[in-house]
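Participant: Got upload11.txt for you, compact mmCIF, C-alpha atoms:
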```txt
# COMPACT_ATOMS: atom_id res chain seq x y z
CA LEU U 1 -10.57 -0.04 32.19
CA HIS U 2 -8.38 -0.86 35.17
CA GLN U 3 -11.40 -1.74 37.33
CA TRP U 4 -12.86 -3.89 34.54
CA LEU U 5 -9.59 -5.81 34.20
CA VAL U 6 -9.34 -6.35 37.95
CA ALA U 7 -12.90 -7.73 37.98
CA ALA U 8 -12.01 -10.13 35.16
CA PHE U 9 -9.57 -12.10 37.33
CA GLY U 10 -10.41 -14.65 39.99
CA ASN U 11 -8.96 -15.37 43.40
CA ASP U 12 -6.40 -17.83 42.06
CA VAL U 13 -3.86 -15.01 41.65
CA GLU U 14 -1.86 -14.08 44.74
CA ASP U 15 -2.09 -10.34 44.07
CA ARG U 16 -4.60 -9.99 41.32
CA SER U 17 -4.35 -6.20 41.17
CA ASP U 18 -0.95 -6.64 39.52
CA MET U 19 -2.34 -8.51 36.50
CA PRO U 20 -4.37 -5.65 34.98
CA VAL U 21 -1.42 -3.30 35.50
CA LEU U 22 0.79 -5.73 33.57
CA LEU U 23 -1.77 -5.96 30.79
CA LEU U 24 -2.02 -2.19 30.57
CA ILE U 25 1.77 -1.99 30.32
CA VAL U 26 1.76 -4.54 27.49
CA GLY U 27 -0.92 -2.66 25.56
CA ILE U 28 0.79 0.70 26.00
CA ASN U 29 4.18 -0.77 25.08
CA PHE U 30 2.88 -2.17 21.80
CA ILE U 31 1.29 1.12 20.74
CA GLY U 32 4.83 2.20 19.90
CA VAL U 33 5.37 -0.92 17.81
CA GLY U 34 2.07 -0.63 15.96
CA ALA U 35 2.41 3.09 15.24
CA LEU U 36 5.23 2.41 12.77
CA ILE U 37 3.33 -0.06 10.58
CA PRO U 38 1.11 2.27 8.51
CA VAL U 39 3.78 4.93 7.92
CA LEU U 40 6.99 3.01 7.27
CA PRO U 41 6.52 2.18 3.56
CA TYR U 42 5.54 5.76 2.78
CA VAL U 43 8.57 7.16 4.66
CA VAL U 44 11.23 4.71 3.46
CA ILE U 45 9.98 3.79 -0.02
CA ASP U 46 7.97 6.80 -1.23
CA THR U 47 9.79 9.68 0.52
CA MET U 48 13.37 8.41 0.77
CA GLY U 49 13.22 6.41 -2.46
CA MET U 50 14.59 3.24 -0.87
CA PRO U 51 13.64 -0.27 -2.10
CA ALA U 52 11.34 -2.52 -0.09
CA SER U 53 14.36 -4.55 1.06
CA VAL U 54 15.66 -1.53 3.04
CA MET U 55 12.26 -1.11 4.69
CA THR U 56 12.15 -4.74 5.75
CA LEU U 57 15.78 -4.59 6.95
CA LEU U 58 14.74 -1.70 9.20
CA LEU U 59 12.02 -3.92 10.63
CA ALA U 60 14.48 -6.83 10.86
CA SER U 61 17.03 -4.77 12.81
CA TYR U 62 14.41 -4.24 15.52
CA ALA U 63 13.53 -7.94 15.58
CA PHE U 64 17.20 -9.01 15.67
CA ALA U 65 17.88 -6.72 18.62
CA MET U 66 14.84 -8.22 20.36
CA PHE U 67 16.24 -11.70 19.63
CA LEU U 68 19.50 -10.81 21.35
CA ALA U 69 17.82 -9.14 24.32
CA ASN U 70 14.98 -11.58 25.09
CA PRO U 71 16.97 -14.41 26.73
CA VAL U 72 19.31 -11.94 28.42
CA LEU U 73 16.51 -9.87 29.97
CA GLY U 74 14.58 -13.01 30.88
CA ARG U 75 17.60 -14.43 32.69
CA LEU U 76 18.36 -11.13 34.40
CA SER U 77 14.76 -10.99 35.61
CA ASP U 78 15.20 -14.44 37.20
CA HIS U 79 18.19 -13.11 39.15
CA TYR U 80 17.49 -9.46 39.91
CA GLY U 81 13.71 -9.20 39.86
CA ARG U 82 11.26 -8.82 37.01
CA ARG U 83 9.99 -5.34 37.92
CA ARG U 84 13.47 -3.81 38.01
CA ILE U 85 14.39 -5.15 34.56
CA LEU U 86 11.00 -4.13 33.15
CA PHE U 87 11.38 -0.59 34.53
CA ILE U 88 14.82 -0.09 32.99
CA SER U 89 13.80 -1.51 29.61
CA LEU U 90 10.72 0.74 29.41
CA GLY U 91 12.85 3.79 30.14
CA ILE U 92 15.19 2.88 27.28
CA SER U 93 12.18 2.29 25.04
CA ALA U 94 10.82 5.80 25.70
CA VAL U 95 14.17 7.39 24.82
CA SER U 96 14.56 5.33 21.65
CA HIS U 97 11.06 6.27 20.43
CA LEU U 98 11.87 9.94 20.98
CA TRP U 99 15.12 9.55 19.03
CA PHE U 100 13.30 7.83 16.16
CA ALA U 101 10.73 10.64 16.06
CA MET U 102 13.54 13.18 15.64
CA SER U 103 15.44 11.15 13.02
CA GLY U 104 15.54 12.27 9.41
CA ASP U 105 18.00 9.88 7.79
CA ILE U 106 18.03 6.12 7.37
CA LEU U 107 21.16 5.45 9.50
CA THR U 108 19.70 7.26 12.52
CA MET U 109 16.46 5.34 12.04
CA PHE U 110 18.36 2.06 12.13
CA ALA U 111 20.21 3.05 15.31
CA ALA U 112 17.02 4.12 17.08
CA ARG U 113 15.13 0.97 16.08
CA ILE U 114 17.97 -1.31 17.21
CA ILE U 115 17.98 0.29 20.67
CA SER U 116 14.19 0.07 20.77
CA GLY U 117 14.40 -3.63 19.87
CA LEU U 118 16.86 -4.27 22.70
CA ALA U 119 14.43 -2.64 25.13
CA SER U 120 11.49 -4.60 23.71
CA GLY U 121 13.19 -7.83 24.72
CA ASN U 122 11.10 -7.37 27.89
CA VAL U 123 8.25 -9.39 26.30
CA GLY U 124 9.63 -12.59 27.82
CA VAL U 125 9.95 -10.82 31.19
CA ILE U 126 6.29 -9.80 31.11
CA GLN U 127 5.24 -13.32 30.14
CA ALA U 128 7.22 -14.64 33.10
CA MET U 129 5.54 -12.11 35.41
CA ILE U 130 2.16 -13.38 34.24
CA ALA U 131 3.31 -16.97 34.80
CA ASP U 132 4.45 -16.01 38.33
CA ARG U 133 0.97 -14.72 39.13
CA SER U 134 -1.18 -17.47 37.62
CA THR U 135 -1.96 -21.11 38.23
CA GLU U 136 -1.42 -23.77 35.58
CA GLU U 137 -5.18 -24.21 35.15
CA ASN U 138 -5.71 -20.57 34.19
CA ARG U 139 -2.41 -19.79 32.51
CA ALA U 140 -3.82 -20.16 28.99
CA GLN U 141 -6.49 -17.58 29.83
CA TYR U 142 -3.92 -15.15 31.17
CA MET U 143 -1.67 -15.69 28.16
CA GLY U 144 -4.79 -14.97 26.14
CA PHE U 145 -5.24 -11.69 28.00
CA PHE U 146 -1.55 -11.00 27.36
CA GLY U 147 -2.10 -11.50 23.64
CA ALA U 148 -5.27 -9.44 23.79
CA SER U 149 -3.30 -6.60 25.35
CA ILE U 150 -0.88 -6.78 22.45
CA GLY U 151 -3.95 -6.62 20.22
CA VAL U 152 -5.11 -3.50 22.06
CA GLY U 153 -1.73 -1.95 21.31
CA PHE U 154 -2.15 -2.86 17.67
CA VAL U 155 -5.66 -1.40 17.70
CA ALA U 156 -4.43 1.96 19.00
CA GLY U 157 -0.94 1.99 17.46
CA PRO U 158 -1.71 1.65 13.72
CA ALA U 159 -4.87 3.75 14.03
CA LEU U 160 -2.92 6.56 15.71
CA GLY U 161 -0.01 6.10 13.32
CA GLY U 162 -2.34 6.35 10.34
CA LEU U 163 -4.39 9.25 11.68
CA LEU U 164 -1.42 11.24 12.98
CA GLY U 165 1.06 10.37 10.24
CA GLY U 166 2.01 13.40 8.19
CA LEU U 167 0.64 15.94 10.66
CA GLY U 168 2.85 18.90 11.46
CA GLY U 169 5.82 20.09 9.50
CA GLY U 170 8.03 17.03 10.06
CA PRO U 171 8.20 13.62 8.38
CA SER U 172 5.23 11.24 8.50
CA HIS U 173 6.59 9.24 11.43
CA GLN U 174 7.37 12.17 13.75
CA ILE U 175 4.05 12.78 15.53
CA PRO U 176 3.21 9.04 15.94
CA PHE U 177 6.55 8.39 17.60
CA LEU U 178 6.41 11.40 19.86
CA LEU U 179 3.17 9.84 21.08
CA ALA U 180 4.88 6.42 21.34
CA ALA U 181 7.60 7.95 23.54
CA GLY U 182 4.92 9.43 25.78
CA VAL U 183 3.01 6.20 26.22
CA SER U 184 6.24 4.29 26.93
CA LEU U 185 6.91 6.76 29.72
CA LEU U 186 3.39 6.09 31.02
CA ALA U 187 4.08 2.33 30.97
CA LEU U 188 7.28 2.96 32.94
CA LEU U 189 5.34 4.85 35.60
CA LEU U 190 2.81 2.02 35.82
CA THR U 191 5.58 -0.42 36.81
CA LEU U 192 5.81 1.44 40.13
CA ARG U 193 2.41 -0.08 41.00
CA LEU U 194 3.66 -3.65 40.59
CA LYS U 195 4.44 -5.79 43.62
CA ALA U 196 6.70 -8.82 43.68
CA PRO U 197 4.68 -11.94 44.62
CA PRO U 198 6.22 -14.09 47.36
CA GLY U 199 9.01 -16.25 46.00
CA SER U 200 9.03 -14.58 42.59
CA ARG U 201 12.70 -13.71 42.73
CA ILE U 202 14.20 -17.15 42.25
CA ILE U 203 17.82 -17.93 41.50
CA PRO U 204 17.89 -20.80 38.96
CA GLU U 205 19.60 -23.93 40.16
CA ARG U 206 22.02 -24.01 37.24
CA GLY U 207 23.45 -20.59 38.12
CA ASN U 208 25.04 -18.36 35.50
CA GLN U 209 24.97 -20.53 32.38
CA PRO U 210 26.45 -19.03 29.22
CA LEU U 211 23.91 -18.22 26.52
CA MET U 212 25.02 -21.00 24.16
CA GLN U 213 24.90 -23.53 27.00
CA ARG U 214 21.34 -22.47 27.85
CA ILE U 215 20.35 -22.84 24.20
CA THR U 216 21.98 -26.29 24.04
CA THR U 217 20.15 -27.33 27.22
CA LEU U 218 16.88 -26.06 25.80
CA LEU U 219 17.35 -27.97 22.54
CA ARG U 220 17.89 -31.21 24.49
CA SER U 221 14.70 -30.75 26.48
CA PRO U 222 10.99 -31.26 25.64
CA LEU U 223 10.94 -27.53 24.90
CA ALA U 224 13.13 -27.98 21.80
CA LEU U 225 10.22 -28.36 19.40
CA TYR U 226 8.49 -25.39 21.03
CA ALA U 227 11.52 -23.26 20.20
CA ILE U 228 11.43 -24.52 16.60
CA ALA U 229 7.66 -23.94 16.43
CA SER U 230 8.10 -20.38 17.68
CA LEU U 231 10.82 -19.79 15.10
CA LEU U 232 8.66 -21.12 12.24
CA LEU U 233 5.54 -19.26 13.37
CA ASN U 234 7.36 -15.95 13.43
CA LEU U 235 9.27 -16.70 10.22
CA SER U 236 5.91 -17.20 8.53
CA PHE U 237 4.08 -14.28 10.13
CA ALA U 238 6.97 -11.91 9.35
CA GLN U 239 5.97 -12.19 5.71
CA VAL U 240 2.57 -10.80 6.64
CA GLU U 241 4.06 -8.14 8.91
CA ALA U 242 6.43 -6.85 6.21
CA SER U 243 4.30 -7.26 3.10
CA PHE U 244 0.71 -6.63 4.17
CA VAL U 245 1.05 -2.83 4.00
CA LEU U 246 2.51 -3.24 0.52
CA VAL U 247 -0.48 -5.39 -0.48
CA LEU U 248 -2.81 -2.66 0.73
CA ARG U 249 -0.87 -0.02 -1.15
CA ASP U 250 -0.50 -1.96 -4.42
CA TYR U 251 -3.67 -4.07 -4.51
CA LEU U 252 -6.15 -1.67 -2.88
CA ASP U 253 -4.36 1.65 -3.48
CA PHE U 254 -4.58 2.45 0.25
CA GLY U 255 -2.88 5.44 1.86
CA ILE U 256 -1.60 5.90 5.41
CA ARG U 257 -4.97 6.57 7.06
CA GLN U 258 -6.83 3.77 5.25
CA THR U 259 -4.03 1.38 6.20
CA GLY U 260 -4.31 2.46 9.82
CA TRP U 261 -8.02 1.69 9.93
CA LEU U 262 -7.57 -1.78 8.44
CA PHE U 263 -4.91 -2.53 11.03
CA THR U 264 -7.40 -1.40 13.64
CA TYR U 265 -9.70 -4.15 12.37
CA ILE U 266 -6.81 -6.60 12.77
CA GLY U 267 -6.35 -5.53 16.37
CA VAL U 268 -10.05 -5.94 17.11
CA CYS U 269 -9.88 -9.50 15.76
CA VAL U 270 -6.89 -10.26 17.99
CA VAL U 271 -8.66 -8.87 21.06
CA LEU U 272 -11.81 -10.85 20.30
CA VAL U 273 -9.95 -14.13 19.94
CA GLN U 274 -7.51 -13.82 22.81
CA ALA U 275 -9.81 -12.15 25.35
CA VAL U 276 -12.97 -14.15 24.63
CA LEU U 277 -12.39 -17.28 22.54
CA ILE U 278 -9.03 -18.64 23.67
CA ARG U 279 -10.16 -20.06 27.02
CA PRO U 280 -13.09 -22.20 25.80
CA VAL U 281 -11.09 -23.38 22.78
CA VAL U 282 -8.14 -24.48 24.94
CA ALA U 283 -10.53 -26.11 27.41
CA ALA U 284 -12.09 -28.11 24.58
CA ILE U 285 -9.04 -29.20 22.56
CA GLY U 286 -5.99 -28.29 24.64
CA GLU U 287 -3.04 -26.02 23.89
CA VAL U 288 -1.58 -28.16 21.12
CA GLY U 289 -4.98 -28.64 19.48
CA THR U 290 -5.57 -24.89 19.65
CA SER U 291 -2.19 -24.34 18.02
CA LYS U 292 -3.14 -26.69 15.18
CA LEU U 293 -6.41 -24.86 14.59
CA GLY U 294 -4.66 -21.49 14.61
CA VAL U 295 -1.90 -22.56 12.25
CA ALA U 296 -4.46 -24.04 9.84
CA LEU U 297 -6.36 -20.72 9.75
CA LEU U 298 -3.13 -18.82 9.23
CA LEU U 299 -2.24 -21.08 6.30
CA VAL U 300 -5.65 -20.56 4.69
CA GLY U 301 -5.35 -16.78 5.04
CA GLN U 302 -1.89 -16.69 3.47
CA CYS U 303 -2.99 -18.88 0.56
CA LEU U 304 -6.07 -16.70 -0.06
CA THR U 305 -3.93 -13.55 -0.09
CA THR U 306 -1.48 -15.10 -2.56
CA LEU U 307 -4.30 -16.14 -4.88
CA ALA U 308 -5.96 -12.71 -4.62
CA VAL U 309 -2.76 -10.87 -5.55
CA LEU U 310 -2.28 -13.23 -8.52
CA GLY U 311 -5.88 -12.58 -9.63
CA MET U 312 -6.79 -16.25 -9.21
CA LEU U 313 -9.33 -15.83 -6.39
CA PRO U 314 -13.06 -15.63 -7.24
CA GLY U 315 -14.67 -12.26 -6.58
CA GLY U 316 -11.94 -10.15 -8.13
CA ALA U 317 -14.42 -7.30 -8.55
CA TYR U 318 -14.48 -6.96 -4.74
CA PRO U 319 -10.80 -6.80 -3.71
CA LEU U 320 -11.53 -5.25 -0.30
CA THR U 321 -13.89 -8.12 0.57
CA GLN U 322 -11.23 -10.63 -0.51
CA THR U 323 -8.64 -8.88 1.62
CA ILE U 324 -10.86 -8.76 4.72
CA ILE U 325 -11.72 -12.48 4.46
CA ALA U 326 -8.07 -13.48 4.07
CA THR U 327 -6.98 -11.07 6.81
CA THR U 328 -9.57 -12.47 9.23
CA GLY U 329 -8.20 -15.98 8.74
CA ILE U 330 -4.65 -14.77 9.34
CA CYS U 331 -5.61 -12.80 12.45
CA PHE U 332 -7.69 -15.54 14.03
CA GLY U 333 -4.98 -18.10 13.25
CA TYR U 334 -2.10 -16.15 14.73
CA ALA U 335 -4.18 -15.00 17.71
CA LEU U 336 -5.10 -18.60 18.59
CA SER U 337 -1.70 -20.22 18.08
CA THR U 338 0.57 -17.72 19.83
CA PRO U 339 -0.90 -17.79 23.38
CA ALA U 340 -1.57 -21.54 23.17
CA ILE U 341 2.10 -22.24 22.45
CA SER U 342 3.19 -19.77 25.16
CA SER U 343 0.90 -21.40 27.72
CA ALA U 344 2.12 -24.90 26.92
CA ASP U 345 5.82 -24.11 27.07
CA SER U 346 5.42 -22.13 30.30
CA LYS U 347 3.83 -25.20 31.92
CA ILE U 348 6.62 -27.49 30.75
CA ALA U 349 9.41 -25.10 31.85
CA GLY U 350 10.41 -25.36 35.49
CA LYS U 351 9.26 -22.48 37.71
CA ALA U 352 12.81 -21.53 38.65
CA ALA U 353 13.80 -21.11 35.01
CA VAL U 354 10.55 -19.78 33.60
CA GLY U 355 11.98 -16.34 32.83
CA GLY U 356 15.06 -17.69 31.09
CA SER U 357 13.12 -20.42 29.26
CA LEU U 358 10.38 -18.14 27.98
CA GLY U 359 12.94 -15.51 27.10
CA THR U 360 15.03 -18.00 25.12
CA ILE U 361 11.99 -19.39 23.29
CA GLN U 362 10.83 -15.85 22.59
CA GLY U 363 14.33 -15.24 21.28
CA PHE U 364 13.94 -18.10 18.81
CA GLY U 365 10.71 -16.46 17.72
CA SER U 366 12.54 -13.18 17.21
CA LEU U 367 15.20 -15.01 15.18
CA GLY U 368 12.46 -16.39 12.95
CA GLN U 369 11.04 -12.90 12.63
CA VAL U 370 14.46 -11.57 11.66
CA GLY U 371 14.88 -14.18 8.94
CA GLY U 372 11.36 -13.57 7.66
CA LEU U 373 11.78 -9.81 7.51
CA VAL U 374 15.17 -10.04 5.83
CA LEU U 375 13.70 -12.33 3.16
CA ALA U 376 10.41 -10.46 2.70
CA GLY U 377 11.93 -7.38 1.08
CA PRO U 378 13.94 -9.18 -1.62
CA LEU U 379 11.00 -11.52 -2.25
CA TYR U 380 8.73 -8.52 -2.79
CA ASP U 381 11.31 -6.85 -5.04
CA LEU U 382 11.43 -10.09 -7.03
CA GLY U 383 7.94 -9.51 -8.39
CA GLY U 384 5.29 -8.58 -5.85
CA SER U 385 3.51 -9.62 -2.67
CA GLN U 386 2.66 -13.11 -3.91
CA TYR U 387 6.26 -14.19 -3.26
CA PRO U 388 6.53 -13.35 0.47
CA PHE U 389 2.98 -14.57 1.14
CA GLY U 390 3.58 -17.77 -0.83
CA PHE U 391 6.83 -18.39 1.02
CA GLY U 392 5.05 -17.75 4.33
CA ALA U 393 2.40 -20.33 3.40
CA VAL U 394 5.11 -22.96 2.79
CA VAL U 395 6.67 -22.23 6.20
CA THR U 396 3.26 -22.41 7.89
CA LEU U 397 2.65 -25.80 6.28
CA SER U 398 5.99 -27.01 7.72
CA LEU U 399 4.91 -25.79 11.15
CA PHE U 400 1.61 -27.63 10.85
CA VAL U 401 3.52 -30.87 10.17
CA ILE U 402 5.59 -30.67 13.39
CA LEU U 403 2.78 -29.60 15.75
CA PRO U 404 1.56 -33.16 16.48
CA PHE U 405 5.01 -33.94 17.90
CA LEU U 406 4.98 -31.17 20.52
CA ALA U 407 5.13 -32.33 24.13
CA ARG U 408 1.74 -31.88 25.78
CA PRO U 409 1.77 -30.29 29.24
CA ALA U 410 0.17 -32.33 32.00
CA THR U 411 -3.17 -31.00 33.24
CA SER U 412 -5.11 -31.63 36.41
CA SER U 413 -7.54 -33.84 34.46
CA ASP U 414 -4.62 -35.82 33.02
CA GLN U 415 -3.27 -36.35 36.52
CA ALA U 416 -6.69 -37.43 37.79
CA GLY U 417 -6.93 -39.94 34.96
CA ALA U 418 -3.51 -41.30 35.77
CA ASP U 419 -4.45 -41.66 39.42
CA LYS U 420 -7.60 -43.60 38.52
CA SER U 421 -5.62 -45.81 36.18
CA GLY U 422 -3.11 -46.54 38.91
CA ALA U 423 -5.90 -47.29 41.38
CA GLY U 424 -7.45 -49.71 38.91
```
So, in terms of structure tokens, how does the structure I just supplied come out?
Facilitator:
Amino acid sequence: LHQWLVAAFGNDVEDRSDMPVLLLIVGINFIGVGALIPVLPYVVIDTMGMPASVMTLLLASYAFAMFLANPVLGRLSDHYGRRRILFISLGISAVSHLWFAMSGDILTMFAARIISGLASGNVGVIQAMIADRSTEENRAQYMGFFGASIGVGFVAGPALGGLLGGLGGGPSHQIPFLLAAGVSLLALLLTLRLKAPPGSRIIPERGNQPLMQRITTLLRSPLALYAIASLLLNLSFAQVEASFVLVLRDYLDFGIRQTGWLFTYIGVCVVLVQAVLIRPVVAAIGEVGTSKLGVALLLVGQCLTTLAVLGMLPGGAYPLTQTIIATTGICFGYALSTPAISSADSKIAGKAAVGGSLGTIQGFGSLGQVGGLVLAGPLYDLGGSQYPFGFGAVVTLSLFVILPFLARPATSSDQAGADKSGAG
């Protein structure tokens, strides 16, 4: 796999052997995230007897911790080096997964997930490391590979969580998270292979800005709408993240293993889009156009799911077929829009502040995820999955409305056109 990934990259990267290592780290890191998805409702709701709102609050605590950590780790990586911050955060992640595996009560679970979320704030750091090692022309492709690596994690994570959940004498989540701790340790060891590209450790010109000042500066820049778009996208998708397992349980009567296999299908879709389709789509219609297409597909998938749960979608005798069609739209939509937005905002952000900027924007995304997860549980308790999916569709529609107003990053073809215009 490592050799295949190395062969996939061209000579435009200063040290191209680093890129596949980074992608392997991303995939391994997200196995620990994905492993929780198939088992959480059965542990919290069925075994502990907690309502769905407690389950989604457990997910939200992780996302809120990530929101707090993303801009901080991104900024620290600008000052002290990306590899050092990544190494420390992966070590904390391994310990927190081990703690969660050993937990047997809800308070310990919350504590372990909060620490894990703080460590997972390294997503912005990894994005910045990819930006450090890529040119503007190929950044969308590399962000696509980044998203595909997340998809690989979600292929392995839910499948392993579903297949291993319930094994042994402990609770359903124990074996999956012992495995997650092990793979986080493997990701930590892989960071030792990374090299710092020349000039990658850059002290931002503005120095040590307070967090609120950095946020204020961001909101006054062309990146402001990107931060809002990231917030809305994650606010919307959090409804899917929190409620989809409940749809599978209630609508299809799925158990842990069946849920794991359907999430494997989701991961395969993400890999297909972000490893194969993202580059030609961005080349044809640009980052903003790709974001529009993705958001439109996400909206269609959410609406189809809402109608299916309400029994208003044709083909009610084939609920699994309905679910797969709607899920495919959601997966393709999210997989297209996320790397396109990341690529665009990384081009607009100055190189010296790319870690802090991407980290802060990623933090806005985590804030949207927090709000979405906090709302998803009470919405589900209100009367079923149609409420969180319907709410998510409304948020997605709002995102679609603001996308045309996003600042478009300049490309080499744009610059060539401007030069010709000036010459004329």
Participant: Would you list the contacts of Ala60 of chain U as a list in words, taking every protein, DNA or RNA residue within 7 Å and counting all atoms listed in the file, but skipping same-chain residues closer than 4 positions in sequence?
Facilitator: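 The residues satisfying every condition are Thr56, Phe64, Val370, Leu373 and Val374 of chain U.
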Participant: Of the candidates U:Val271, U:Leu185, U:Leu403, U:Ala376, which one gets nearest to Leu246 of chain U if we count all atoms listed in the file?
Facilitator: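 For Leu246 of chain U, the nearest of the candidates is U:Ala376.
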Participant: Where's the centre, and what are the edge lengths in Å to one decimal, of a box along x, y and z enclosing all listed atoms of segment 169-183 of chain U padded 4 Å per side, as JSON?
Facilitator:
```
{"center_x": 5.6, "center_y": 13.1, "center_z": 17.3, "size_x": 13.2, "size_y": 21.9, "size_z": 25.8}
```
Participant: Taking into account only C-alpha atoms, which residue in the set U:Gly377, U:Gly81, U:Gly182, U:Gly91 is nearest to Asp132 of chain U?
Facilitator: U:Gly81
Participant: Taking only C-alpha atoms into account, which of U:Tyr251, U:Ser149, U:Ala238, U:Ile114 comes nearest Asn29 of chain U?
Facilitator: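 Smallest separation from Asn29 of chain U among the options: U:Ser149.
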